[in-house]
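Peer 1: Have a look at this one.
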Amino acid sequence: MRLYSALLARQSGLRANVVRSLPLMLACCFIQPALAAYTLPDVIDTALQNNPVVGIANAQKEAAEAAVTTAGTYANPQVEAVMGPSRYRTPGGQGGDRNWNVGLSQPLDFPGVRNAKIAVAEFGSKSAEAGAELMRIELRFRVKYAFYDVLQRQSVLKLVEGDRNLLQQIRERVKLRVEVGESPKYELIKADTEALAAERDYQAALVRITEGKAYLRGLLGSSVPVEYDIEGQLPMGYSLPTLDSLRDQVTQSPQLSQVRANTETADAKLKLEQRLRNPGVTLKASVEQDPDLTQMRFGLAIPLPLWDQRQGPIAAAAADVRQSQAILSDRELGLRRDMEAAYQRYTIAQQQLAAFENGLLSQAESVLKVAEAAYRFGERGILEYMDAQRTFRAVRKDYLAARFDYVSSMLEIERLLGTELLEVKP
């Protein structure tokens, strides 16, 4: 009996433990794992490590550096060996003896030609390095823009989600008033329409977030999971220097640095083509062994620019120099134009933000509260209240759009100048 009682007590204890742990087990089954969250420094580092554009830029830079090595390499010497039978023209000579000849030739460029070749390769390497830096700047801009765009779309989602919930509550109140006969039926129809429109905006906002995250993930590479979150906020605490200060920074833009390097490369190619009229000499040495005579010869060969004076290649290289100089001037004018246009967008967005924050948002909210109070007390109909609600939503959406325009205009100036205006904080 005591053993039986002990078994029953143990069984009851096990059952109690199972009952107590059942909620925890069920919760563990239904709790979804948290999504990986990325900050702005995380996504920038991931993109610089995994985006194929960086690999392309590095490969181009390595190829340009290899061209410098090639330009500084001396040409290989050439060895020539010939042999054959000897025949005597004098009477009594015996034939059949063999003769042989060994020659060595070494082509050498003149110092001016060699230095010009190295200069062309070095300026090409400088251009490739500037191009790689330009690709990294462009990638950083695209990543930062896509990151802030997702944040912007998430803010819009929060806004439309709140509007959807509010309009659903309004619809329920209107439905109740229609059922008790306090309001006409068309007010319920109007409330249904507004609620459906809010639901449509909410679903569209969800799709836009998915689209923005997919684009951002395309910049980061396959190492980022399909489902992920981002953490951060728009950098609203920053402001730009004066327009005159930014104009002075245009000449230091990496875009102009690359074009200048291309111009220097074209100048070096022109000098090389001019000096290739007489590129160098070929040193020669040979030993010739006849049956009864040994001859040693030393000499050099110099090409004479009589017929081909490289007029065509020189003219083409000169045209390339003029073209590169014109591209440099055009690119500098374009940078100044684009920078000033972006600065004007920044100024407009700044003014819009000031207008929203200094009264427009509060005014729209006050109008909505007055319309809501008037509707509750029966002084206004549902149409006036819905119009006020719609106006308030439009003002808040415009405010979010102005915030993003403010940030995107600064990002555009960052890209044009190649400087870090919006500090990336970990």
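Naming scheme: A, B, ... for chains in displayed order of the structure tokens; residues 1 onward per chain; ligands 1 onward as shown.
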Counting only C-alpha atoms, what is within 9 Å of region 47-59 of chain A, bar same-chain residues fewer than 5 positions away, as a PyMOL selection string?

Peer 2: chain A and resi 42+64+128-129+131-133+135-136+139-140+143+218-223

Peer 1: Please return as a PyMOL selection string: the residues of region 113-336 of chain A that backbone DSSP assigns to strand (DSSP E or B).

Peer 2: chain A and resi 228-230+280-290+293-301

Peer 1: Counting only C-alpha atoms, which residue out of A:Asn165, A:Ser127, A:Ser408, A:Gln352 sits closest to Gln152 (chain A)?

Peer 2: A:Ser408

Peer 1: Using only C-alpha atoms, pick whichever of A:Gln363, A:Ser286, A:Asn101, A:Gln233 has the shortest atom-to-atom distance to Phe147 (chain A).

Peer 2: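 Answer, going by the shortest atom-to-atom distance: A:Gln233.
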
Peer 1: When you look at region 195-207 of chain A with a cut-off of 10 Å (counting only C-alpha atoms), what residues show up, excluding the ones that are within fewer than 2 positions of it in the same chain? I need them as a PyMOL selection string.

Peer 2: chain A and resi 153-171+189-193+209-213

Peer 1: For the alpha helix (DSSP H) assignment from backbone DSSP, which residues of region 113-260 of chain A qualify? Please present them as a short mmCIF file (atom, residue, chain, number, x, y, z; two decimals) with N, CA and C atoms, in the first residue's frame.

Peer 2:
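selection-v6.cif was written with the following content:
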```cif
data_model
loop_
_atom_site.label_atom_id
_atom_site.label_comp_id
_atom_site.auth_asym_id
_atom_site.auth_seq_id
_atom_site.Cartn_x
_atom_site.Cartn_y
_atom_site.Cartn_z
N VAL A 113 61.34 57.37 -74.67
CA VAL A 113 60.24 56.46 -75.01
C VAL A 113 59.88 55.60 -73.81
N ARG A 114 60.89 55.10 -73.13
CA ARG A 114 60.62 54.25 -71.96
C ARG A 114 59.89 55.03 -70.87
N ASN A 115 60.35 56.25 -70.60
CA ASN A 115 59.68 57.06 -69.58
C ASN A 115 58.25 57.41 -69.98
N ALA A 116 58.04 57.62 -71.27
CA ALA A 116 56.68 57.94 -71.73
C ALA A 116 55.75 56.74 -71.56
N LYS A 117 56.26 55.55 -71.84
CA LYS A 117 55.44 54.35 -71.65
C LYS A 117 55.07 54.18 -70.18
N ILE A 118 56.04 54.38 -69.31
CA ILE A 118 55.76 54.24 -67.88
C ILE A 118 54.78 55.32 -67.41
N ALA A 119 54.92 56.54 -67.94
CA ALA A 119 54.01 57.62 -67.56
C ALA A 119 52.57 57.30 -67.97
N VAL A 120 52.39 56.75 -69.18
CA VAL A 120 51.05 56.38 -69.63
C VAL A 120 50.45 55.34 -68.69
N ALA A 121 51.23 54.35 -68.32
CA ALA A 121 50.72 53.30 -67.43
C ALA A 121 50.42 53.86 -66.04
N GLU A 122 51.28 54.73 -65.53
CA GLU A 122 51.06 55.28 -64.19
C GLU A 122 49.82 56.17 -64.14
N PHE A 123 49.62 56.99 -65.16
CA PHE A 123 48.40 57.80 -65.18
C PHE A 123 47.17 56.93 -65.37
N GLY A 124 47.32 55.83 -66.13
CA GLY A 124 46.20 54.89 -66.24
C GLY A 124 45.87 54.24 -64.91
N SER A 125 46.91 53.91 -64.13
CA SER A 125 46.68 53.36 -62.80
C SER A 125 46.01 54.38 -61.89
N LYS A 126 46.42 55.63 -62.00
CA LYS A 126 45.80 56.69 -61.21
C LYS A 126 44.32 56.86 -61.57
N SER A 127 44.03 56.76 -62.87
CA SER A 127 42.64 56.85 -63.31
C SER A 127 41.82 55.67 -62.80
N ALA A 128 42.40 54.47 -62.83
CA ALA A 128 41.69 53.29 -62.33
C ALA A 128 41.44 53.39 -60.83
N GLU A 129 42.42 53.92 -60.10
CA GLU A 129 42.24 54.08 -58.66
C GLU A 129 41.13 55.09 -58.36
N ALA A 130 41.11 56.19 -59.12
CA ALA A 130 40.02 57.16 -58.94
C ALA A 130 38.68 56.56 -59.33
N GLY A 131 38.67 55.72 -60.36
CA GLY A 131 37.42 55.05 -60.75
C GLY A 131 36.94 54.09 -59.69
N ALA A 132 37.87 53.36 -59.04
CA ALA A 132 37.48 52.46 -57.96
C ALA A 132 36.89 53.23 -56.79
N GLU A 133 37.52 54.34 -56.45
CA GLU A 133 36.98 55.17 -55.36
C GLU A 133 35.61 55.73 -55.73
N LEU A 134 35.45 56.07 -56.99
CA LEU A 134 34.16 56.60 -57.45
C LEU A 134 33.08 55.53 -57.36
N MET A 135 33.42 54.29 -57.69
CA MET A 135 32.46 53.20 -57.57
C MET A 135 32.06 52.97 -56.12
N ARG A 136 33.02 53.05 -55.21
CA ARG A 136 32.69 52.87 -53.79
C ARG A 136 31.81 54.01 -53.29
N ILE A 137 32.08 55.23 -53.73
CA ILE A 137 31.23 56.36 -53.33
C ILE A 137 29.81 56.19 -53.86
N GLU A 138 29.71 55.77 -55.11
CA GLU A 138 28.39 55.55 -55.69
C GLU A 138 27.64 54.43 -54.97
N LEU A 139 28.37 53.38 -54.60
CA LEU A 139 27.73 52.27 -53.88
C LEU A 139 27.26 52.73 -52.50
N ARG A 140 28.08 53.49 -51.79
CA ARG A 140 27.68 54.01 -50.49
C ARG A 140 26.43 54.88 -50.61
N PHE A 141 26.40 55.71 -51.65
CA PHE A 141 25.23 56.56 -51.85
C PHE A 141 23.98 55.72 -52.09
N ARG A 142 24.07 54.72 -52.93
CA ARG A 142 22.90 53.89 -53.24
C ARG A 142 22.44 53.13 -52.01
N VAL A 143 23.39 52.63 -51.21
CA VAL A 143 23.02 51.89 -50.01
C VAL A 143 22.36 52.81 -48.99
N LYS A 144 22.95 53.98 -48.76
CA LYS A 144 22.38 54.91 -47.79
C LYS A 144 21.00 55.39 -48.25
N TYR A 145 20.87 55.67 -49.54
CA TYR A 145 19.58 56.12 -50.06
C TYR A 145 18.53 55.02 -49.89
N ALA A 146 18.90 53.77 -50.23
CA ALA A 146 17.94 52.67 -50.09
C ALA A 146 17.60 52.43 -48.62
N PHE A 147 18.57 52.56 -47.73
CA PHE A 147 18.33 52.37 -46.29
C PHE A 147 17.35 53.42 -45.77
N TYR A 148 17.60 54.68 -46.09
CA TYR A 148 16.70 55.74 -45.64
C TYR A 148 15.33 55.65 -46.32
N ASP A 149 15.32 55.13 -47.54
CA ASP A 149 14.04 54.96 -48.24
C ASP A 149 13.19 53.92 -47.53
N VAL A 150 13.79 52.84 -47.06
CA VAL A 150 13.03 51.84 -46.30
C VAL A 150 12.50 52.45 -45.00
N LEU A 151 13.34 53.24 -44.31
CA LEU A 151 12.88 53.92 -43.10
C LEU A 151 11.70 54.85 -43.40
N GLN A 152 11.80 55.54 -44.53
CA GLN A 152 10.70 56.42 -44.93
C GLN A 152 9.42 55.63 -45.18
N ARG A 153 9.54 54.51 -45.84
CA ARG A 153 8.36 53.69 -46.13
C ARG A 153 7.79 53.08 -44.85
N GLN A 154 8.65 52.76 -43.91
CA GLN A 154 8.14 52.27 -42.63
C GLN A 154 7.39 53.36 -41.87
N SER A 155 7.86 54.59 -41.96
CA SER A 155 7.13 55.70 -41.33
C SER A 155 5.77 55.90 -41.98
N VAL A 156 5.72 55.77 -43.29
CA VAL A 156 4.42 55.88 -43.98
C VAL A 156 3.50 54.74 -43.56
N LEU A 157 4.07 53.54 -43.38
CA LEU A 157 3.25 52.41 -42.94
C LEU A 157 2.63 52.67 -41.57
N LYS A 158 3.43 53.19 -40.63
CA LYS A 158 2.89 53.51 -39.31
C LYS A 158 1.77 54.54 -39.42
N LEU A 159 1.95 55.49 -40.30
CA LEU A 159 0.93 56.54 -40.47
C LEU A 159 -0.36 55.96 -41.02
N VAL A 160 -0.27 55.19 -42.09
CA VAL A 160 -1.49 54.65 -42.70
C VAL A 160 -2.11 53.57 -41.83
N GLU A 161 -1.28 52.86 -41.03
CA GLU A 161 -1.85 51.88 -40.11
C GLU A 161 -2.68 52.56 -39.03
N GLY A 162 -2.17 53.68 -38.52
CA GLY A 162 -2.97 54.44 -37.55
C GLY A 162 -4.24 54.99 -38.16
N ASP A 163 -4.15 55.47 -39.39
CA ASP A 163 -5.35 55.97 -40.07
C ASP A 163 -6.35 54.84 -40.30
N ARG A 164 -5.85 53.68 -40.68
CA ARG A 164 -6.76 52.55 -40.90
C ARG A 164 -7.49 52.18 -39.62
N ASN A 165 -6.76 52.07 -38.51
CA ASN A 165 -7.41 51.72 -37.24
C ASN A 165 -8.41 52.79 -36.82
N LEU A 166 -8.05 54.06 -37.00
CA LEU A 166 -8.96 55.13 -36.62
C LEU A 166 -10.22 55.12 -37.47
N LEU A 167 -10.05 54.93 -38.77
CA LEU A 167 -11.22 54.92 -39.65
C LEU A 167 -12.11 53.71 -39.39
N GLN A 168 -11.51 52.61 -39.01
CA GLN A 168 -12.34 51.46 -38.64
C GLN A 168 -13.16 51.75 -37.39
N GLN A 169 -12.56 52.43 -36.42
CA GLN A 169 -13.32 52.83 -35.23
C GLN A 169 -14.43 53.82 -35.57
N ILE A 170 -14.11 54.77 -36.46
CA ILE A 170 -15.14 55.73 -36.88
C ILE A 170 -16.28 55.01 -37.58
N ARG A 171 -15.93 54.04 -38.41
CA ARG A 171 -16.97 53.30 -39.13
C ARG A 171 -17.89 52.58 -38.15
N GLU A 172 -17.30 51.98 -37.11
CA GLU A 172 -18.14 51.28 -36.14
C GLU A 172 -19.07 52.24 -35.41
N ARG A 173 -18.56 53.44 -35.08
CA ARG A 173 -19.42 54.41 -34.42
C ARG A 173 -20.52 54.89 -35.35
N VAL A 174 -20.15 55.12 -36.61
CA VAL A 174 -21.17 55.56 -37.57
C VAL A 174 -22.20 54.46 -37.80
N LYS A 175 -21.74 53.22 -37.86
CA LYS A 175 -22.67 52.12 -38.04
C LYS A 175 -23.67 52.04 -36.88
N LEU A 176 -23.15 52.24 -35.67
CA LEU A 176 -24.04 52.23 -34.50
C LEU A 176 -25.05 53.37 -34.56
N ARG A 177 -24.61 54.55 -34.95
CA ARG A 177 -25.53 55.68 -35.03
C ARG A 177 -26.56 55.49 -36.13
N VAL A 178 -26.13 54.84 -37.22
CA VAL A 178 -27.11 54.56 -38.29
C VAL A 178 -28.13 53.53 -37.82
N GLU A 179 -27.68 52.54 -37.09
CA GLU A 179 -28.59 51.49 -36.63
C GLU A 179 -29.63 52.02 -35.64
N LYS A 185 -28.16 56.77 -43.71
CA LYS A 185 -27.40 55.62 -44.15
C LYS A 185 -26.22 56.00 -45.04
N TYR A 186 -26.31 57.16 -45.72
CA TYR A 186 -25.22 57.52 -46.62
C TYR A 186 -23.93 57.81 -45.83
N GLU A 187 -24.08 58.17 -44.55
CA GLU A 187 -22.88 58.37 -43.73
C GLU A 187 -22.13 57.06 -43.52
N LEU A 188 -22.85 55.96 -43.39
CA LEU A 188 -22.20 54.66 -43.27
C LEU A 188 -21.51 54.29 -44.58
N ILE A 189 -22.17 54.62 -45.70
CA ILE A 189 -21.54 54.35 -46.99
C ILE A 189 -20.23 55.14 -47.13
N LYS A 190 -20.28 56.41 -46.70
CA LYS A 190 -19.07 57.23 -46.75
C LYS A 190 -17.99 56.67 -45.83
N ALA A 191 -18.37 56.24 -44.64
CA ALA A 191 -17.39 55.68 -43.71
C ALA A 191 -16.81 54.37 -44.25
N ASP A 192 -17.64 53.55 -44.89
CA ASP A 192 -17.13 52.31 -45.50
C ASP A 192 -16.12 52.62 -46.60
N THR A 193 -16.42 53.64 -47.39
CA THR A 193 -15.50 54.01 -48.48
C THR A 193 -14.16 54.46 -47.94
N GLU A 194 -14.19 55.31 -46.92
CA GLU A 194 -12.93 55.79 -46.34
C GLU A 194 -12.15 54.65 -45.69
N ALA A 195 -12.85 53.73 -45.02
CA ALA A 195 -12.17 52.61 -44.39
C ALA A 195 -11.52 51.69 -45.43
N LEU A 196 -12.21 51.47 -46.54
CA LEU A 196 -11.64 50.65 -47.61
C LEU A 196 -10.42 51.32 -48.24
N ALA A 197 -10.51 52.64 -48.40
CA ALA A 197 -9.37 53.36 -48.96
C ALA A 197 -8.17 53.28 -48.02
N ALA A 198 -8.44 53.40 -46.70
CA ALA A 198 -7.35 53.29 -45.74
C ALA A 198 -6.74 51.89 -45.74
N GLU A 199 -7.57 50.86 -45.89
CA GLU A 199 -7.05 49.49 -45.97
C GLU A 199 -6.21 49.30 -47.22
N ARG A 200 -6.67 49.90 -48.32
CA ARG A 200 -5.88 49.83 -49.56
C ARG A 200 -4.52 50.51 -49.39
N ASP A 201 -4.50 51.69 -48.77
CA ASP A 201 -3.23 52.38 -48.54
C ASP A 201 -2.31 51.57 -47.62
N TYR A 202 -2.90 50.90 -46.64
CA TYR A 202 -2.11 50.09 -45.71
C TYR A 202 -1.46 48.92 -46.45
N GLN A 203 -2.21 48.21 -47.27
CA GLN A 203 -1.66 47.08 -48.01
C GLN A 203 -0.59 47.55 -49.00
N ALA A 204 -0.85 48.70 -49.64
CA ALA A 204 0.15 49.24 -50.58
C ALA A 204 1.44 49.61 -49.85
N ALA A 205 1.32 50.16 -48.64
CA ALA A 205 2.51 50.52 -47.86
C ALA A 205 3.31 49.27 -47.49
N LEU A 206 2.62 48.18 -47.16
CA LEU A 206 3.33 46.93 -46.87
C LEU A 206 4.12 46.44 -48.08
N VAL A 207 3.50 46.51 -49.25
CA VAL A 207 4.18 46.06 -50.46
C VAL A 207 5.38 46.95 -50.76
N ARG A 208 5.25 48.25 -50.53
CA ARG A 208 6.37 49.16 -50.80
C ARG A 208 7.54 48.88 -49.88
N ILE A 209 7.28 48.52 -48.65
CA ILE A 209 8.38 48.17 -47.74
C ILE A 209 9.09 46.91 -48.23
N THR A 210 8.32 45.92 -48.63
CA THR A 210 8.92 44.69 -49.18
C THR A 210 9.76 45.00 -50.41
N GLU A 211 9.26 45.87 -51.26
CA GLU A 211 10.00 46.26 -52.46
C GLU A 211 11.30 46.98 -52.09
N GLY A 212 11.22 47.93 -51.14
CA GLY A 212 12.42 48.66 -50.73
C GLY A 212 13.46 47.76 -50.11
N LYS A 213 13.03 46.80 -49.28
CA LYS A 213 13.98 45.87 -48.66
C LYS A 213 14.61 44.96 -49.71
N ALA A 214 13.83 44.56 -50.70
CA ALA A 214 14.39 43.71 -51.75
C ALA A 214 15.46 44.45 -52.54
N TYR A 215 15.23 45.74 -52.83
CA TYR A 215 16.25 46.52 -53.54
C TYR A 215 17.49 46.68 -52.69
N LEU A 216 17.31 46.96 -51.40
CA LEU A 216 18.46 47.10 -50.50
C LEU A 216 19.24 45.79 -50.40
N ARG A 217 18.54 44.69 -50.31
CA ARG A 217 19.21 43.39 -50.23
C ARG A 217 19.98 43.11 -51.52
N GLY A 218 19.46 43.56 -52.66
CA GLY A 218 20.18 43.39 -53.92
C GLY A 218 21.52 44.12 -53.94
N LEU A 219 21.64 45.19 -53.15
CA LEU A 219 22.91 45.90 -53.05
C LEU A 219 23.86 45.24 -52.07
N LEU A 220 23.31 44.49 -51.11
CA LEU A 220 24.14 43.91 -50.05
C LEU A 220 24.67 42.53 -50.39
N LEU A 243 26.39 77.63 -49.64
CA LEU A 243 26.55 77.26 -51.03
C LEU A 243 27.93 77.64 -51.55
N ASP A 244 28.46 78.78 -51.13
CA ASP A 244 29.80 79.18 -51.57
C ASP A 244 30.86 78.19 -51.09
N SER A 245 30.70 77.70 -49.88
CA SER A 245 31.65 76.72 -49.36
C SER A 245 31.58 75.42 -50.16
N LEU A 246 30.39 75.02 -50.55
CA LEU A 246 30.25 73.80 -51.35
C LEU A 246 30.80 73.99 -52.75
N ARG A 247 30.66 75.20 -53.30
CA ARG A 247 31.22 75.46 -54.63
C ARG A 247 32.74 75.27 -54.63
N ASP A 248 33.38 75.68 -53.55
CA ASP A 248 34.83 75.54 -53.47
C ASP A 248 35.25 74.07 -53.40
N GLN A 249 34.37 73.20 -52.93
CA GLN A 249 34.72 71.79 -52.81
C GLN A 249 34.50 71.00 -54.11
N PRO A 254 35.93 63.49 -56.46
CA PRO A 254 36.56 62.33 -57.09
C PRO A 254 36.17 62.15 -58.56
N GLN A 255 35.00 62.63 -58.93
CA GLN A 255 34.61 62.54 -60.34
C GLN A 255 35.56 63.34 -61.21
N LEU A 256 35.91 64.57 -60.76
CA LEU A 256 36.86 65.37 -61.51
C LEU A 256 38.27 64.79 -61.42
N SER A 257 38.60 64.15 -60.32
CA SER A 257 39.91 63.52 -60.19
C SER A 257 40.10 62.44 -61.24
N GLN A 258 39.07 61.67 -61.48
CA GLN A 258 39.19 60.62 -62.50
C GLN A 258 39.32 61.23 -63.90
N VAL A 259 38.54 62.28 -64.19
CA VAL A 259 38.63 62.91 -65.50
C VAL A 259 39.99 63.56 -65.69
N ARG A 260 40.52 64.18 -64.63
CA ARG A 260 41.87 64.76 -64.72
C ARG A 260 42.91 63.68 -65.00
#
```

Peer 1: What gap, in Å, lies between CA of Leu361 (chain A) and CA of Phe392 (chain A)?

Peer 2: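 Computing the Euclidean distance for CA of Leu361 (chain A) and CA of Phe392 (chain A) yields 7.9 Å.
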
Peer 1: Do a neighbour search on region 389-391 of chain A at 8 Å with only C-alpha atoms, toss out local chain neighbours closer than 4 positions, and write the hits as a ChimeraX atom specification.

Peer 2: /A:364,368,385,395

Peer 1: How would the residues just chosen look if you wrote them out with C-alpha atoms as a PDB file, in the first residue's frame?

Peer 2:
```pdb
ATOM      1  CA  ALA A 364      -4.262  70.701 -39.344  1.00  0.00           C
ATOM      2  CA  LEU A 368      -9.417  67.937 -37.139  1.00  0.00           C
ATOM      3  CA  TYR A 385     -15.354  65.254 -40.457  1.00  0.00           C
ATOM      4  CA  VAL A 395      -0.489  67.072 -44.318  1.00  0.00           C
TER       5      VAL A 395
END
```
